[in-house]
Each structure stands twice: as structure tokens, then as C-alpha cells.
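Participant: First the structure, which I've put down as C-alpha cells, then a few questions once you've had a look.
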Amino acid sequence: MIELKHLDFAYEKNHPILKDISAKFGETGSNVVGVIGPNGTGKSTLFLNLVGMLKPTGGQILVDDQPINYSKKGLNQLRQKIGIVFQNSDQQIFYSIVKDDVAFALHNLNVPEDEIKRRVNTILRELDISELKDRPIQYLSGGQKKRVAIAGILVLNSEWLLLDEPTAGLDPDGKRRMVELIKHLVSRGQKIILSSHDIDFMYEVCDYFYILRDGQFVKSGKKETVFDDEKMLLETKLDQPWLVKVHQKLHLPLYSNEEELFADKALRAKLAKLE
Ligand SMILES: Nc1ncnc2c1ncn2[C@@H]1O[C@H](COP(=O)(O)OP(=O)(O)OP(=O)(O)O)[C@@H](O)[C@H]1O
């Protein structure tokens with residue numbers, strides 16, 4: 001579990017970005033946690049605090065009940081528990097060829113060569129990018145680069161995966177593939193914390209949400225309830241997921257994804273009667 005205890009963070013003195021945030025990620029049994037909020041409210045800053053790249057200016061972060069240890073050794077250990085994929089995947093590319101880049105962190109941890117090969121091959125297969133193995137990263141598409149960046153983190157088998165804006169720049173097909181990938185990772189036990197402005201994408205993949213406004217969590221809850229207050233969402237410059245709108249305004253059941261809606265036989269029968 002990742003616990004935030006009265007977390008404060010400021011880049012500059014007297015200009016707080018995160019203010020007295022307390023939360024327990026993983027406590028509710030939710031495996032996919034969404035952090036949503038308007039531009040510049042501190043989502044990326046929060047993520048960088050969670051992986052120890054930024055140090056809180058107040059309060060603390062506990063991972064499995066232990067405060068983060070900011071020594072080089074402590075941060076290396078933390079990376080094996082929490083991995084992050086940045087919004088801009090280019091920021092975390094260290095080698096020019098895919099397989100070398102994915103192996104980068106394992107080399108740093110002195111994992112034996114044959115074990116590295118095995119893990120890299122397994123993860124590339126799992127992410128459906130085996131054919132990219134020997135390709136130069138600079139010629140890959142944005143979606144392919146994103147997958148390579150995710151592979152480079154997953155190869156560490158970390159318990160938590162932080163994805164900052166994973167659908168940024170992806171076309172509808174890339175977005176669908178990202179949904180599938182997240183669902184696949186979750187099905188094999190991966191815990192994920194996500195941030196994205198794409199509210200329908202977030203509604204589809206996350207099961208628990210934290211709403212961040214002006215550096216504080218103003219609301220948190222399960223996907224079934226956290227979006228029920230349209231006024232509060234508008235004040236926070238957020239939209240309701242379209243399935244929640246359909247539920248509230250047309251009094252249809254609350255579906256958790258599009259497929260559920262289109263597969264609703266009772267609804268289809270009612271609509272057929274109207275024709
Ligand atoms: N390195 C930095 N130095 C100073 N201020 C920064 C730095 N990085 C971010 N900020 C400021 O901190 C605030 C929060 O930024 P952050 O990137 O965490 O927000 P965000 O919620 O992730 O935004 P977005 O939705 O646009 O990605 C912003 O006002 C931003 O300008």
C-alpha cells in the first residue's frame with residue numbers, strides 16, 4: 001500500500017503545489033486508481049513524489065508501511081515497487097534500440113544476462129511488440145514508443161505502475177489498445193495509478209478515483225459514485241463520463257463501459273418497442 005500522510009510539496013518557497021494530502025492507495029482493494037483534475041493542479045508533481053524523484057516539503061509517503069528512503073540504494077529499491085511512465089515517453093528513452101532500452105533498468109540492477117534476455121522477451125511478447133525488438137526507437141510511432149516505455153518499467157515486475165497521461169497523442173485505435181493493455185495487466189495482478197484528461201477512458205479503466213483541485217483531494221470514491229455531483233465536477237473544470245450522463249439524464253442503468261450498454265438486452269427490447 002502507498003500511504004500519503006499530510007503531504008506538502010512546493011517547487012518554490014511560499015508557492016505550494018500539493019497541500020496537506022492524505023490518502024491510502026491500494027487500501028480499498030482497488031487495483032486501478034485514477035487521479036483526475038484540471039491542468040496544472042499537481043497530478044504529475046504528485047506522481048513524481050510517489051516515485052521519490054521529488055521529495056515532499058512536508059509530511060511523508062509510506063510504501064508498505066516504510067517511509068521512502070531517499071538514498072540511492074533506497075530509491076533503487078523503490079523503483080522495484082513503483083515504476084512510472086511519463087507523459088512524454090521520449091523522456092525515458094536511454095538507448096537507441098528497443099531491446100537495449102527495455103533492458104536498461106535490469107542492467108543497472110546487475111541482473112544476470114540470460115535472465116535479462118528472458119524477461120525482455122517475455123515482456124515484449126506480452127505487450128505485443130516483439131517485432132519491434134531490434135528496431136531503432138527514434139523511428140517508432142508515439143503509441144509504439146509508449147509501449148516500449150511501459151515495457152521498460154514492467155520488466156522490473158514492480159507492484160505499482162504509474163501512468164501519466166497514457167493516451168496523450170494516441171489515435172482512437174491506440175487508445176483502444178491502451179484500454180486492452182491496462183485490462184490485461186490488471187488481470188494478471190498489476191496495480192496501476194493513472195492520470196488522464198480523457199474522462200471516458202478513465203471511467204472505463206479505473207475503479208477508484210481521487211479528484212485533485214488546487215493541490216488537494218476534494219473528493220474520492222468508487223467509479224459508481226464519485227461522478228454523481230455534476231456541479232462539483234464543473235467547478236473543478238471536469239466533465240462527467242458520458243455513461244454517467246446517460247445514467248443521470250436518461251435514467252438508464254449505470255453501465256461501466258460501452259460494451260455493457262450495447263449488450264443490454266432489456267434496453268434493446270424497450271427501444272425496439274418504440275420503433
Ligand atoms: N519544475 C518545476 N518548477 C516550478 N514549477 C513547476 C515545475 N513543474 C511544474 N511546475 C508547476 O507546478 C504546477 C503543477 O504542475 P503539474 O505538472 O504537476 O500539473 P498537472 O496537474 O500534472 O498538469 P497537466 O494536467 O497540465 O499535466 C503547475 O503550476 C506547474 O507550472
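Just remember, in the C-alpha cells the first chain shown is A, the second B, etc., residues are 1-based per chain, and ligands are 1-based in the order shown.
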DSSP on the backbone, strand (DSSP E or B) only: what residues of stretch 164-251 of chain A does that give? Format it as a list in words.

Facilitator: Asp164, Lys191, Ile192, Ile193, Leu194, Ser195, Tyr208, Phe209, Tyr210, Ile211, Leu212, Arg213, Gln216, Phe217, Val218, Lys219, Ser220, Gly221 and Lys222 of chain A

Participant: Please, which residues have at least one atom within 7 Å of an atom of ligand 1, using only C-alpha atoms and all ligand atoms, listed as a VMD selection string?

Facilitator: chain A and resid 11 to 12 17 37 to 46 197

Participant: Please produce a file of those selected residues containing N, CA and C atoms, as a short mmCIF file (atom, residue, chain, number, x, y, z; two decimals), in the first residue's frame.

Facilitator:
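Saved file again_29.cif follows:
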data_model
loop_
_atom_site.label_atom_id
_atom_site.label_comp_id
_atom_site.auth_asym_id
_atom_site.auth_seq_id
_atom_site.Cartn_x
_atom_site.Cartn_y
_atom_site.Cartn_z
N TYR A 11 7.62 23.73 -5.39
CA TYR A 11 8.86 23.88 -6.16
C TYR A 11 9.61 25.12 -5.66
N GLU A 12 8.80 26.14 -5.30
CA GLU A 12 9.39 27.39 -4.82
C GLU A 12 8.79 27.74 -3.47
N ILE A 17 2.25 23.56 -4.14
CA ILE A 17 1.56 22.89 -5.24
C ILE A 17 0.66 21.78 -4.66
N GLY A 37 -7.97 15.83 -12.49
CA GLY A 37 -8.01 17.22 -12.08
C GLY A 37 -7.63 18.08 -13.27
N PRO A 38 -7.92 19.39 -13.19
CA PRO A 38 -7.62 20.26 -14.33
C PRO A 38 -6.11 20.44 -14.55
N ASN A 39 -5.75 21.09 -15.65
CA ASN A 39 -4.35 21.38 -15.95
C ASN A 39 -3.68 22.11 -14.79
N GLY A 40 -2.46 21.73 -14.52
CA GLY A 40 -1.63 22.48 -13.57
C GLY A 40 -2.02 22.32 -12.12
N THR A 41 -2.82 21.30 -11.81
CA THR A 41 -3.29 21.16 -10.43
C THR A 41 -2.34 20.31 -9.58
N GLY A 42 -1.38 19.66 -10.22
CA GLY A 42 -0.36 18.95 -9.44
C GLY A 42 -0.32 17.44 -9.62
N LYS A 43 -0.97 16.90 -10.65
CA LYS A 43 -1.03 15.44 -10.83
C LYS A 43 0.37 14.85 -11.09
N SER A 44 1.07 15.47 -12.06
CA SER A 44 2.42 14.95 -12.37
C SER A 44 3.35 15.15 -11.18
N THR A 45 3.18 16.28 -10.50
CA THR A 45 4.01 16.57 -9.32
C THR A 45 3.77 15.49 -8.25
N LEU A 46 2.51 15.10 -8.09
CA LEU A 46 2.19 14.05 -7.12
C LEU A 46 2.88 12.75 -7.52
N HIS A 197 -6.65 13.28 -18.87
CA HIS A 197 -7.75 14.23 -19.06
C HIS A 197 -8.89 13.58 -19.83
#

Participant: Quick one: residues within 8 Å of A:Lys81, only C-alpha atoms, excluding same-chain residues fewer than 2 positions away - as a list of chain:residue names?

Facilitator: A:Gln77, A:Leu78, A:Arg79, A:Gly83, A:Asn157, A:Ser158, A:Glu159, A:Trp160

Participant: Pick from A:Ile150, A:Leu4, A:Leu254, A:Ile116: nearest to A:Phe25, with only C-alpha atoms counted?

Facilitator: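 Among A:Ile150, A:Leu4, A:Leu254, A:Ile116, it is A:Leu4 that comes nearest to A:Phe25.
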
Participant: Looking at A:Ile123, A:Val246, A:Val51, A:Leu162, which one is nearest to A:Asn76, with distances taken over only C-alpha atoms?

Facilitator: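 Of the candidates, the smallest distance to A:Asn76 is held by A:Val51.
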
Participant: When distances are computed from only C-alpha atoms, which of A:Lys191, A:Lys175, A:Lys183, A:Lys219 shows the smallest separation from A:Ser30?

Facilitator: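 Nearest candidate to A:Ser30 out of A:Lys191, A:Lys175, A:Lys183, A:Lys219: A:Lys191.
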
Participant: Pick from A:Phe47, A:Arg119, A:Thr28, A:Ser89: nearest to A:Gln138, with only C-alpha atoms counted?

Facilitator: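 Smallest separation from A:Gln138 among the options: A:Ser89.
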
Participant: So, counting only C-alpha atoms, which residue among A:Gln216, A:Asn108, A:Ser196, A:Gln92 is closest to A:Gln80?

Facilitator: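 Selected residue with least distance to A:Gln80: A:Asn108.
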
Participant: Which distance in Å separates atom CA of A:Tyr210 and atom CA of A:Gly34, to one decimal?

Facilitator: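 Atom-to-atom, atom CA of A:Tyr210 and atom CA of A:Gly34 are spaced 6.2 Å apart.
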
Participant: Of the candidates A:Cys206, A:Gly52, A:Leu127, A:Asn88, which shows the shortest atom-to-atom distance to A:Ser71, using only C-alpha atoms?

Facilitator: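 That would be A:Gly52, the residue with the smallest distance to A:Ser71.
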
Participant: Tell me which protein, DNA and RNA residues are within 12 Å of A:His184, counting only C-alpha atoms, leaving out same-chain ones fewer than 6 positions away, and put them as a count of residues only.

Facilitator: 10

Participant: Find the residues near A:Lys146: any atom within 9 Å, counting only C-alpha atoms, skip ones fewer than 2 places away on the same chain, and give them as a list in words.

Facilitator: Val85, Phe86, Gln87, Asn88, Ser89, Asp90, Ser141, Gly142, Gly143, Gln144, Val148, Ala149, Ile150, Ala151, Pro166 and Thr167 of chain A
